[in-house]
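What follows is a set of notes on a single structure, which appears directly below.
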Amino acid sequence: MQSEDYERKLARWIRLEEEARKIRRSEADWKFIEEQPARVKAALKYYVETGDIRTSSRMAEMSIDRFRKLLRQARIPVIV
């Protein structure tokens, strides 16, 4: 019984993560992203795929606040 509940919750979480990824991909300004320096471009792409702002901001060597501003410029939504 607990296993079924866990599996149901896990399946739901996976579905929600995929939906968030699709939204980030479709809303992103890919032209802006591609124009960024390699490190920043990689961090933005990583964020689009994972939604992990902490790791992404570290990859870009930026504070989270500064990285959030960059996300706004790139039109990448922050989905919580």
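Residue numbers start at 1 in each chain; chains themselves are named A, B, ... in the order of the structure tokens; ligands are numbered from 1 in the order shown.
Neighbouring residues of stretch 63-77 of chain A at 7 Å or closer, counting only C-alpha atoms and skipping chain neighbours under 6 positions away, are A:Arg24, A:Glu27, A:Ala28, A:Asp29, A:Phe32, A:Ile33, A:Arg54, A:Ser57.
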Write out as a PDB file with C-alpha atoms, in the first residue's frame the residues lying within 10 Å of A:Glu17, counting only C-alpha atoms and excluding same-chain residues fewer than 2 positions away.
```pdb
ATOM      1  CA  ALA A  11       4.964   9.575 -11.168  1.00  0.00           C
ATOM      2  CA  ARG A  12       3.119  12.835 -10.474  1.00  0.00           C
ATOM      3  CA  TRP A  13       6.366  14.613  -9.538  1.00  0.00           C
ATOM      4  CA  ILE A  14       8.067  13.386 -12.720  1.00  0.00           C
ATOM      5  CA  ARG A  15       5.099  14.596 -14.808  1.00  0.00           C
ATOM      6  CA  GLU A  19       5.740  20.078 -17.753  1.00  0.00           C
ATOM      7  CA  ALA A  20       7.921  22.745 -16.111  1.00  0.00           C
ATOM      8  CA  ARG A  21      10.823  21.851 -18.436  1.00  0.00           C
ATOM      9  CA  LYS A  22       8.557  22.179 -21.490  1.00  0.00           C
ATOM     10  CA  ILE A  23       7.373  25.607 -20.333  1.00  0.00           C
ATOM     11  CA  GLU A  49      16.589  21.541 -18.335  1.00  0.00           C
ATOM     12  CA  THR A  50      16.702  21.174 -14.550  1.00  0.00           C
ATOM     13  CA  GLY A  51      15.198  24.237 -12.881  1.00  0.00           C
ATOM     14  CA  ILE A  79       8.503  27.672 -11.934  1.00  0.00           C
ATOM     15  CA  VAL A  80       8.139  26.641  -8.329  1.00  0.00           C
TER      16      VAL A  80
END
```
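Candidate residues A:Val78, A:Leu44, A:Ile53, A:Leu10 were compared for distance to A:Trp30, and the nearest is A:Leu44, using only C-alpha atoms.
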A:Ala43 surroundings by only C-alpha atoms, 6 Å radius, close-in-sequence under 5 positions cut, as a PyMOL selection string: chain A and resi 56+59-60
Next, dump the selected residues to file, keeping only C-alpha atoms, as an mmCIF file, in the first residue's frame.
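The resulting selection.cif:
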```cif
data_model
loop_
_atom_site.group_PDB
_atom_site.id
_atom_site.type_symbol
_atom_site.label_atom_id
_atom_site.label_comp_id
_atom_site.auth_asym_id
_atom_site.auth_seq_id
_atom_site.Cartn_x
_atom_site.Cartn_y
_atom_site.Cartn_z
ATOM 1 C CA SER A 56 23.068 27.168 -12.494
ATOM 2 C CA MET A 59 28.036 27.508 -13.094
ATOM 3 C CA ALA A 60 27.639 31.087 -14.319
#
```
Sel. of alpha helix (DSSP H) residues, chain A, as a VMD selection string: chain A and resid 2 to 27 30 to 34 38 to 50 53 to 59 64 to 73
